[in-house]
Structure formats: C-alpha cells, structure tokens
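One structure below.
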Amino acid sequence: MPIYQYSAFDSSGKEVKGVIDAPNAQNAQGKLKKQNLYIKELKEDTAKRDRELFPFLSKIINRIPRKDIGLFARQLATLLGAGIAINDALSDIVEQTNNKQFQKIIIEVKSQIIEGKSLSESLAQHGDIFPPIYENMVKIGEATGNYESLLGRLADVEDKNADLRGKVTSSLVYPIIMLVMSIGTVLFLLTFVIPQITSIFKNFDAPLPLPTRIVMWWSDLMISTWPLMVFGILGAVYGVYAFKKTQAGKIKMDQFLIKMPVFGKLLIKLEVSRFTRNLGILLLSNVPLLKALEIVTATAGNEVFRKELQLASKKVEEGNKLIDSLKNSTFIPHMIKGMMSAGESTDRLGELTIKAADIQENELDTTIRGLTAALQPIIIVFLGGVVFFILISVMLPIFKLSSLIQ
C-alpha cells in the first residue's frame, strides 16, 4: 500500500505534517478529512522506492537508531499484552514515533499485515531494520500467543547492545576529538605558519639545522601535493570499501581488525558479548539450539567469527554437543565455554549463557575504561612531541641567526 506525505491545517489553524497509508491519493484525502485536517499538500512518498534503488545511500541518509527499534519492540509488547489488535497497536506506535523514516517502515509493516501477511513475515521484509532474531522470536509469539515476553526480550537485547555501543562510542569520543584537533594544529603549522617563517631563513646564506630542513621539506611537500594527497586518501578509502564488499576482502579485513593491538581484543569481546546475549535470549524463548545458532550466526558482525559459528552449527547438526562444537573457537574464552558446558549438563544452557553474557559485558566495560585511560596520554605525548619538534626546528635557526648577528 502506498504511503503519502501530507501537510495540512487542523481546526485551530495549526500546520500539521505527517505520513499516512492509503490505496490512492483520493482515499488518503478522505482519511485526512475524517481527522478534521485541511490539506495543504499531499504527495506520494518515495522512501520505499529509494531504499530499493539506492540501498547503501538510503541506509546512511535514513539511518534509524537501534534505540528507536528497541522502543518499538517494547511498545508493541505492552500494547499486544494489553489485548490491543496488531493493526491498532502499530497505528498507536506510528503516532508516538518521532523518527519520520521509522514511521514509514512501521506503516509499511502495518499495510503488509492488512494485506494478509503475518507480523513475522512483515518484519522479515525489512531485514536491514529487523535482523533475523526478530522474525524468529515473533514466529514463536505467533505460535504461542505470548508476544509480550518475547518482544520484551528483544527490547532488552536492543537496550543491552545500545548500552555496549554507547560505552564504546563515549570512551573513544574524547581521544578522537583530541587526535583531530592535534592533527589540525600540525597541518595549520605546516601549511600556514612554517612557510612564512622559513621565508625569512631563505634570505640568509647560513646552513640550516637538520630538524629545520626536515620540517621545511614536510611543509613544501604538503603545500605542493595537497590535491594529490586528498585524492589519494579518498581513493584509498574507496579501495578499502570496495575490497571489503567482496567475501575475501571482508575476511581479510576482519582478520586484520582482530589482530590489532588492544583494539582487536575489544572487538572480540564485543562480538562474544553480543553472541552470548542473543543465543541466551533465543534459548530461553524455546528456540531450538540449531535454529538459534543459525540466527546468531547470521547476525555476527565479524566474518572470521561467523565462519567459526557456521562450523559449530554443522557439528551440532551432526549430533555433537554445543561445547564440543565450539572447543576450537579462538573468539570464545574458556570461562564462557565452561559456563556453556555446565549449562548443557544441567539443562540450563539459556540461563547460564545469559549469565556468561553479563560477565563478558563487565569485562568489556573494564577493557574500554582501560583503553580510554591508556589512549589519552599516548595521544598527548605523541602529538605533543610532533608539535615540540616543529617548534624546535623553528627556534634553532633563530638562535643561530641571533648569534651570527651579534
């Protein structure tokens, strides 16, 4: 069903903007008139077509925060738990959602349900927004009628993942700002300050110290080749992006990332934390182990880890225990393997996997705080040293010229 954007006036003369779904423009006008809205402008929304034609660009421009998706799951759980019909519940959520792009997605989901699809099938049509765990958890809710607890668990997963991302982001914001400002200072010195000062030195027929000659060479190189450098950086970024789009490239890039000092361990802990949390939630929701492994494998962010999970799934399918299938994993630590082993032995795999996720997240939090504490002085010392070297290279010939004049 098409979606229309509208601009209208209410009975008090206040301008109202929004979106509405309708079979055609005439029907959309009728719906708006029933709401006592006087239409100023009505046009069909092109967001769905844009997503289909330009998926990558649309994903960047129309990005929907995960916290909004988690809130959607919690709101839907509450409304369905209160006995409200799915169509009415989705309509209520549309009205409460501030993100216009997400409003359109929810309206599309509602339209597909009206056309006869189930909620799980409708969510699966938007896999870039709702990962496979949503489709499968909702399928269980449809089979058991227990939407509230299952959607609530999905909301908990989103909250936990958002919390992890927030910790990683907030811990890196300050070092990144420092790094950008310091690099900007160095570039300003090399491209504006140094050329003006060194032009004075060139008027004297005295040999310049080595540090001064090095800085002058840096400065001349940047001024004369900056267009080439800019295009080179852009080309390198595009090359890395294009390489990563290939299967072999993604594996190579992910292998490189997990082998990076300090950051590699952080990425591994992040992947394992997300894996254990999702797996535990699925198992507690009575999803069969093999199906749960299939879902968490599809949502793995690192290709190397995904290969490990695919191999483990194959072994479980052949009749092996989960812990035996994961024993050669280079990602999952021995502590988590031990808790999974205990869970399999006592039929508490889902519960103990969730506890393992809690422990892993605490370790991740400690790692992030340690990384932040270590990065700040390293950046300060390194870039402070670069600035000091530039200043010394300027001061040395000044001292030398002063002595010659005297």
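Ligands are numbered from 1 in the order shown, residues from 1 within each chain, and chains are lettered A, B, ... in the order they appear in the structure tokens.
By chain and then residue number, the residues within 10 Å of A:Ile251 are Lys244, Lys245, Thr246, Gln247, Ala248, Gly249, Met253, Asp254, Gln255, Phe256, Leu257, Asn302, Glu303, Val304, Phe305, Arg306 and Lys307 of chain A, counting only C-alpha atoms and disregarding those fewer than 2 positions away in sequence.
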Please identify which residues in stretch 131-352 of chain A DSSP calls alpha helix (DSSP H) from the backbone, and express them as a ChimeraX atom specification.
-> /A:132-144,147-188,194-201,210-245,247-258,263-284,289-298,303-317,322-325,334-346,349-352
Spatial neighbours of stretch 377-384 of chain A, max dist 10 Å, only C-alpha atoms, sep filter under 5 positions, as a count of residues only = 11
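Every residue of stretch 17-233 of chain A found in strand (DSSP E) when DSSP is run on the backbone appears here: Lys17, Gly18, Val19, Ile20, Asp21, Tyr38, Ile39, Lys40, Glu41, Leu42, Lys43 and Glu44 of chain A.
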Which residues, written as a VMD selection string, have at least one atom at most 8 Å from stretch 137-154 of chain A, with only C-alpha atoms counted and residues fewer than 3 positions away on the same chain left out?
-> chain A and resid 70 73 to 74 76 to 78 80 to 81 119 to 120 133 to 134 157 to 158 281 to 282 285 287
Please produce an output containing N, CA and C atoms for each residue in the selection, written as an mmCIF file, in the first residue's frame.
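And here is the file that came out, result.cif:
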```
data_model
loop_
_atom_site.group_PDB
_atom_site.id
_atom_site.type_symbol
_atom_site.label_atom_id
_atom_site.label_comp_id
_atom_site.auth_asym_id
_atom_site.auth_seq_id
_atom_site.Cartn_x
_atom_site.Cartn_y
_atom_site.Cartn_z
ATOM 1 N N GLY A 70 14.395 -0.694 19.547
ATOM 2 C CA GLY A 70 14.162 -1.318 20.850
ATOM 3 C C GLY A 70 12.906 -0.771 21.513
ATOM 4 N N ALA A 73 9.862 -2.346 19.904
ATOM 5 C CA ALA A 73 9.597 -3.700 20.402
ATOM 6 C C ALA A 73 8.931 -3.653 21.778
ATOM 7 N N ARG A 74 9.393 -2.746 22.640
ATOM 8 C CA ARG A 74 8.810 -2.656 23.985
ATOM 9 C C ARG A 74 7.380 -2.122 23.933
ATOM 10 N N LEU A 76 5.292 -2.334 21.391
ATOM 11 C CA LEU A 76 4.440 -3.348 20.776
ATOM 12 C C LEU A 76 4.132 -4.457 21.777
ATOM 13 N N ALA A 77 5.130 -4.837 22.581
ATOM 14 C CA ALA A 77 4.920 -5.864 23.606
ATOM 15 C C ALA A 77 3.857 -5.420 24.600
ATOM 16 N N THR A 78 3.935 -4.179 25.032
ATOM 17 C CA THR A 78 2.978 -3.656 26.014
ATOM 18 C C THR A 78 1.568 -3.606 25.441
ATOM 19 N N LEU A 80 0.263 -5.236 22.753
ATOM 20 C CA LEU A 80 -0.290 -6.566 22.456
ATOM 21 C C LEU A 80 -0.620 -7.308 23.742
ATOM 22 N N GLY A 81 0.217 -7.086 24.783
ATOM 23 C CA GLY A 81 -0.053 -7.708 26.078
ATOM 24 C C GLY A 81 -1.332 -7.185 26.711
ATOM 25 N N LEU A 119 2.886 -10.916 11.197
ATOM 26 C CA LEU A 119 3.813 -9.912 11.702
ATOM 27 C C LEU A 119 5.254 -10.322 11.439
ATOM 28 N N SER A 120 5.557 -11.609 11.633
ATOM 29 C CA SER A 120 6.930 -12.078 11.410
ATOM 30 C C SER A 120 7.322 -11.930 9.942
ATOM 31 N N ILE A 133 16.706 -12.361 14.202
ATOM 32 C CA ILE A 133 16.230 -12.712 15.543
ATOM 33 C C ILE A 133 14.803 -12.218 15.760
ATOM 34 N N TYR A 134 14.429 -11.087 15.125
ATOM 35 C CA TYR A 134 13.068 -10.570 15.258
ATOM 36 C C TYR A 134 12.059 -11.507 14.607
ATOM 37 N N VAL A 157 17.442 -6.959 24.514
ATOM 38 C CA VAL A 157 18.636 -7.163 23.691
ATOM 39 C C VAL A 157 19.078 -5.849 23.058
ATOM 40 N N GLU A 158 18.113 -5.108 22.512
ATOM 41 C CA GLU A 158 18.440 -3.813 21.893
ATOM 42 C C GLU A 158 19.018 -2.851 22.930
ATOM 43 N N ILE A 281 19.056 -15.435 24.913
ATOM 44 C CA ILE A 281 17.675 -14.977 24.762
ATOM 45 C C ILE A 281 16.871 -15.951 23.907
ATOM 46 N N LEU A 282 17.461 -16.411 22.817
ATOM 47 C CA LEU A 282 16.767 -17.350 21.930
ATOM 48 C C LEU A 282 16.486 -18.678 22.629
ATOM 49 N N SER A 285 13.769 -18.513 25.057
ATOM 50 C CA SER A 285 12.481 -18.363 24.362
ATOM 51 C C SER A 285 12.069 -19.660 23.674
ATOM 52 N N VAL A 287 13.636 -21.466 21.468
ATOM 53 C CA VAL A 287 14.076 -21.679 20.090
ATOM 54 C C VAL A 287 15.041 -22.873 20.098
#
```
A:Leu228, A:Val394, A:Ala155, A:Ala342 ranked by distance to A:Ile200, top pick (using only C-alpha atoms) = A:Val394
Using only C-alpha atoms, which of A:Ala236, A:Val215, A:Leu79, A:Val19 sits nearest A:Phe388?
->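 Distance minimum relative to A:Phe388 lands on A:Val215.
With distances restricted to only C-alpha atoms, A:Tyr174 is the closest residue to A:Ala373 from A:Trp226, A:Phe275, A:Tyr174, A:Phe102.
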